[in-house]
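Colleague: Could you have a look at this structure, given as structure tokens, before my questions?
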Amino acid sequence: MRSPERGFYGRVSGPDPAGADQHPERPTDRLRELIRDIRSSDVVILADRITSTFSDPYEVARAYLMKLGALLNLGRTAECPAVVDQADAAVRRASDPALLGEYHALAGFVSYAEGSLDRGVMHLVWANRALETVEQHDTASADAWRDLANVYSFLGFHDHARRAVSRSHQAAEAAGLDPAEHAAPDVGVRAAVSLDHRGDTERCRSQLVELLADLQRLLASTGGLSALRPDQLPYVEYAMARLAALGQLDAVLPLPRLRPVRKTALPEASDLRELSAVCRAIAERRPDEALTILDRTTVDTRTLGGAEVHRLRALAHAAAGRHTDADAADRTAFRIASADLERIRGLFVDGIAVRLDHEELRRTVGRYAGEALSDPLTGLANRRSLEQLIEQMSQDREPGVLGVVDLNSFKAVNTVHGHLTGDLVLQRVATVLIRTLRRRDFVARYGGDEFVVILPSTTLTEAEAIGQRLVTAVHDEDWESIVPGTPVSASVGWAELRVDTGLVDAFRKADRAMLDAKQRVAPYADRQTDVAQRPATTDP
């Protein structure tokens with residue numbers, strides 16, 4: 001999913017026309033200019049300077065969001081989770097619905113890149129809802145709708161992407177902005193070629209024709225295509241070249257001279273130039289030259305989808321009269337497009353299953369009653385509820401066993417993937433625990449990544465077996481879908497709860513046993529953790 005060379009391609013638009021922005025002297029306006037000039041590395045440096053020296057909540061939040069977009073543009077995805085956390089806190093302080101929408105749009109792509117489609121989609125829904133509440137449109141709201149459209153497009157939700165582009169145009173018009181700044185030919189091209197990959201060539205052709213016609217109308221009063229952002233021009237060029245490869249040679253707009261762009265600054269530009277050359281060779285009946293270009297070119301699958309290169313191979317073979325080869329290439333393109341859809345469905349189903357488990361968990365722990373007795377993050381009982389249960393067991397003179405469950409190397413989860421992802425891990429661990437324990441057993445979140453389990457009327461021997469099931473269940477959960485590359489495991493220690501034993505004493509003994517078990521687990525090891533072989537008892 002992730003690539004060291006590429007990241008999020010959606011870019012905040014460039015500077016407003018004179019007088020359009022309500023705050024022309026904002027320090028983050030310079031960031032917008034740098035983004036338009038495809039200088040993402042400079043954006044990161046200047047954004048850090050703004051967030052460390054300015055106190056205005058709006059400016060700080062805006063700078064964090066632009067830094068996040070720049071990091072995604074540069075493909076520096078490993079740095080994104082920490083910035084997502086920083087942007088989250090800053091956006092909350094700013095209390096601006098446009099910035100909130102922008103935040104959720106970018107966080108949605110980060111979640112998707114980490115392999116969590118359902119979480120990514122939830123962010124996109126939140127982004128849409130936040131932007132719907134904007135009362136007075138300005139640059140930030142138009143930008144946010146544009147970037148939301150881009151993320152929808154990359155995730156394959158093309159109808160949602162087109163609607164978001166339309167809302168971006170409406171917001172730009174209401175704010176008096178240049179419509180060219182929020183044109184989105186990349187979204188339209190991606191949607192059109194996805195149809196061709198699935199065999200609907202006629203709709204692909206008609207959508208590309210419509211895209212070029214809309215651009216011509218949109219830019220009629222703005223100086224032509226030269227008014228577009230530089231990152232969008234290669235998509236316009238490709239739309240014309242792709243139509244030519246499909247036999248429609250009259251779809252032409254006067255392209256301005258495209259200045260060379262460093263691959264590191266705009267990675268997809270060189271991909272699109274190569275693929276445009278392939279399309280032109282096909283249109284000009286030079287199919288072998290087209291195939292030679294394809295053989296020497298490595299194209300990121302996220303630019304136009306993994307099937308595009310194979311579809312162009314099919315068109316080249318067909319132009320050369322090699323229909324068997326063309327049919328084979330078309331089958332490969334269709335298979336890749338279908339596999340992409342199936343993968344998306346699989347990610348979504350897995351994510352929904354986890355959320356259903358969590359809802360079931362909330363219903364199960366409902367008997368522990370009320371927000372005052374439950375942990376708001378996981379839905380588990382909290383420390384107060386735990387104390388009440390121990391007191392009740394003492395009054396009933398009911399013995400049992402107390403267990404302390406602690407995650408191993410949980411700090412690595414927050415460091416590598418960010419605190420929002422860490423919260424998701426805690427929620428899923430809570431689900432695993434409640435799913436594995438027996439009906440009468442009790443589990444509470446004690447704090448951080450530490451959980452306390454109460455096993456009423458249970459012996460230490462029985463507790464050992466239950467503890468083994470718990471750590472096995474945590475270890476065997478599919479963590480790659482949430483924290484790829486970072487193992488999640490747990491250690492547990494037990495202590496008897498007798499009639500004359502207080503919570504503090506039992507917790508101390510169980511915690512010591514848990515630490516003993518944890519010391520036998522190699523740091524960051526992706527293997528099943530131990531349960532204490534000799535659990536502590538209340539005997540001196």
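Going through the structure tokens in order, the chains are called A, B, and so on, while each chain numbers its residues from 1 and the ligands are numbered from 1 in the order shown.
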Excluding range 149-157 of chain A and its own-chain neighbours fewer than 6 positions away, which residues fall within 7 Å of it when counting only C-alpha atoms? Please give them as a ChimeraX atom specification.
Modeller: /A:10,105,109,164-165,187
Colleague: Restricting the calculation to only C-alpha atoms, which member of A:Arg36, A:His137, A:Arg190, A:Arg198 is positioned closest to Ala171 in chain A?
Modeller: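 Closest residue, counting only C-alpha atoms: A:His137.
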Colleague: Give me, as a compact mmCIF listing (two decimals) with N, CA, C and O atoms, in the first residue's frame, all polymer residues having an atom no more than 8 Å from Arg280 in chain A, counting only C-alpha atoms and skipping those fewer than 6 positions away in the same chain.
Modeller:
# COMPACT_ATOMS: atom_id res chain seq x y z
N ALA A 241 -4.59 12.57 -25.00
CA ALA A 241 -3.82 11.47 -25.58
C ALA A 241 -4.60 10.15 -25.48
O ALA A 241 -4.60 9.34 -26.42
N ARG A 242 -5.28 9.97 -24.33
CA ARG A 242 -6.04 8.71 -24.15
C ARG A 242 -7.20 8.63 -25.13
O ARG A 242 -7.50 7.56 -25.70
N ALA A 244 -7.20 10.00 -28.08
CA ALA A 244 -6.58 9.71 -29.37
C ALA A 244 -6.30 8.23 -29.52
O ALA A 244 -6.51 7.63 -30.59
N ALA A 245 -5.84 7.59 -28.44
CA ALA A 245 -5.57 6.15 -28.48
C ALA A 245 -6.83 5.34 -28.69
O ALA A 245 -6.79 4.23 -29.24
Colleague: Which range 79-180 of chain A residues have any atom within 8 Å of an atom of range 403-422 of chain A, and for each, what is the nearest pair of atoms with distance in Å to one decimal, counting only C-alpha atoms, rows sorted by chain and number, as a Markdown table?
Modeller:
| residue | atom | partner | partner_atom | distance |
| --- | --- | --- | --- | --- |
| A:Pro81 | CA | A:Gly418 | CA | 4.5 |
| A:Ala82 | CA | A:Gly418 | CA | 5.1 |
| A:Val84 | CA | A:Gly418 | CA | 7.3 |
| A:Asp85 | CA | A:Gly418 | CA | 6.3 |
Colleague: Could you work out how far CA of Tyr64 in chain A lies from CA of Pro27 in chain A, giving the answer in Å with one decimal?
Modeller: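 Straight-line distance from CA of Pro27 in chain A to CA of Tyr64 in chain A works out to 12.6 Å.
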Colleague: Just the residues within 10 Å of Phe451 in chain A, please, counting only C-alpha atoms, with nothing from its chain fewer than 5 positions along; format it as an MDAnalysis selection string.
Modeller: chainID A and resid 380:383 403:407 426 429:430 433 443:446 492
Colleague: What separation in Å, quoted to one decimal, exists between CA of Val452 in chain A and CA of Ile482 in chain A?
Modeller: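 Interatomic distance here is 23.8 Å.
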Colleague: Which residue gives the smallest distance to Trp479 in chain A among A:Gly115, A:His182, A:Arg439, A:Asp147, with only C-alpha atoms counted?
Modeller: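 Using only C-alpha atoms, Trp479 in chain A sits closest to A:Gly115.
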Colleague: Rank A:Gly447, A:His169, A:Arg26, A:Leu68 by their smallest atom-to-atom distance to Ile50 in chain A, using only C-alpha atoms, and report the top residue only.
Modeller: A:Arg26
Colleague: Need the shell around range 313-327 of chain A: protein/DNA/RNA residues with any atom at most 8 Å away, counting only C-alpha atoms. Skip same-chain ones fewer than 3 positions apart. Format as a list in words?
Modeller: Ala245, Leu246, Ile282, Arg285, Pro287, Asp288, Ala290, Leu291, Leu294, Val309, His310, Asp330 and Arg331 of chain A
Colleague: Suppose we keep all heavy atoms; can you now write the selection as a compact mmCIF listing (two decimals), in the first residue's frame?
Modeller:
# COMPACT_ATOMS: atom_id res chain seq x y z
N ALA A 245 -5.84 7.59 -28.44
CA ALA A 245 -5.57 6.15 -28.48
C ALA A 245 -6.83 5.34 -28.69
O ALA A 245 -6.79 4.23 -29.24
CB ALA A 245 -4.89 5.71 -27.18
N LEU A 246 -7.98 5.91 -28.27
CA LEU A 246 -9.27 5.25 -28.48
C LEU A 246 -9.88 5.63 -29.83
O LEU A 246 -11.04 5.27 -30.11
CB LEU A 246 -10.24 5.62 -27.35
CG LEU A 246 -9.88 5.09 -25.97
CD1 LEU A 246 -10.86 5.61 -24.92
CD2 LEU A 246 -9.85 3.56 -25.94
N ILE A 282 0.21 4.93 -30.16
CA ILE A 282 -0.89 4.07 -30.59
C ILE A 282 -1.76 4.78 -31.61
O ILE A 282 -2.12 4.23 -32.66
CB ILE A 282 -1.74 3.63 -29.37
CG1 ILE A 282 -0.91 2.73 -28.44
CG2 ILE A 282 -3.01 2.91 -29.83
CD1 ILE A 282 -1.60 2.42 -27.12
N ARG A 285 -0.36 4.97 -35.09
CA ARG A 285 -0.08 3.66 -35.68
C ARG A 285 1.37 3.25 -35.54
O ARG A 285 1.99 2.70 -36.45
CB ARG A 285 -0.49 3.62 -37.17
CG ARG A 285 -1.84 4.25 -37.48
CD ARG A 285 -2.98 3.63 -36.72
NE ARG A 285 -3.26 2.26 -37.14
CZ ARG A 285 -4.22 1.49 -36.62
NH1 ARG A 285 -4.97 1.97 -35.62
NH2 ARG A 285 -4.41 0.28 -37.06
N PRO A 287 2.50 1.04 -32.91
CA PRO A 287 2.23 0.21 -31.73
C PRO A 287 3.47 -0.39 -31.09
O PRO A 287 3.55 -0.51 -29.87
CB PRO A 287 1.29 -0.87 -32.26
CG PRO A 287 1.58 -0.94 -33.74
CD PRO A 287 1.90 0.47 -34.13
N ASP A 288 4.46 -0.76 -31.90
CA ASP A 288 5.66 -1.37 -31.33
C ASP A 288 6.44 -0.35 -30.50
O ASP A 288 7.04 -0.68 -29.47
CB ASP A 288 6.55 -1.96 -32.43
CG ASP A 288 5.92 -3.20 -33.05
OD1 ASP A 288 5.14 -3.88 -32.35
OD2 ASP A 288 6.19 -3.47 -34.24
N ALA A 290 5.01 2.05 -28.88
CA ALA A 290 4.22 2.17 -27.65
C ALA A 290 4.58 1.06 -26.67
O ALA A 290 4.76 1.30 -25.46
CB ALA A 290 2.73 2.12 -27.98
N LEU A 291 4.72 -0.16 -27.17
CA LEU A 291 5.05 -1.28 -26.30
C LEU A 291 6.47 -1.13 -25.74
O LEU A 291 6.73 -1.50 -24.59
CB LEU A 291 4.92 -2.60 -27.07
CG LEU A 291 3.48 -2.98 -27.44
CD1 LEU A 291 3.48 -4.15 -28.42
CD2 LEU A 291 2.71 -3.36 -26.18
N LEU A 294 6.27 1.19 -22.85
CA LEU A 294 5.69 0.51 -21.70
C LEU A 294 6.68 -0.44 -21.04
O LEU A 294 6.72 -0.56 -19.81
CB LEU A 294 4.43 -0.26 -22.12
CG LEU A 294 3.21 0.59 -22.47
CD1 LEU A 294 2.09 -0.29 -23.03
CD2 LEU A 294 2.72 1.35 -21.24
N VAL A 309 -1.72 0.25 -17.43
CA VAL A 309 -0.62 -0.16 -18.31
C VAL A 309 -1.04 -1.35 -19.16
O VAL A 309 -0.76 -1.42 -20.37
CB VAL A 309 0.63 -0.49 -17.47
CG1 VAL A 309 1.67 -1.22 -18.32
CG2 VAL A 309 1.24 0.78 -16.90
N HIS A 310 -1.75 -2.30 -18.57
CA HIS A 310 -2.18 -3.49 -19.31
C HIS A 310 -3.24 -3.14 -20.35
O HIS A 310 -3.27 -3.71 -21.45
CB HIS A 310 -2.69 -4.55 -18.35
CG HIS A 310 -1.65 -5.02 -17.38
ND1 HIS A 310 -0.66 -5.91 -17.74
CD2 HIS A 310 -1.41 -4.67 -16.09
CE1 HIS A 310 0.13 -6.13 -16.70
NE2 HIS A 310 -0.30 -5.39 -15.69
N ASP A 330 -6.06 -7.46 -22.21
CA ASP A 330 -7.34 -6.96 -21.69
C ASP A 330 -7.82 -7.81 -20.52
O ASP A 330 -8.36 -7.27 -19.54
CB ASP A 330 -8.39 -6.96 -22.80
CG ASP A 330 -8.53 -5.59 -23.46
OD1 ASP A 330 -8.17 -4.59 -22.81
OD2 ASP A 330 -8.99 -5.53 -24.61
N ARG A 331 -7.64 -9.12 -20.61
CA ARG A 331 -8.05 -9.99 -19.50
C ARG A 331 -7.23 -9.68 -18.25
O ARG A 331 -7.76 -9.68 -17.13
CB ARG A 331 -7.90 -11.47 -19.88
CG ARG A 331 -8.95 -11.96 -20.86
CD ARG A 331 -9.06 -13.48 -20.85
NE ARG A 331 -7.78 -14.11 -21.16
CZ ARG A 331 -7.37 -14.40 -22.38
NH1 ARG A 331 -8.13 -14.10 -23.42
NH2 ARG A 331 -6.20 -14.98 -22.60
Colleague: Considering only C-alpha atoms, can you say which of A:Ala130, A:Lys67, A:Leu402, A:Trp145 comes closest to Asp505 in chain A?
Modeller: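 That would be A:Leu402, the residue with the smallest distance to Asp505 in chain A.
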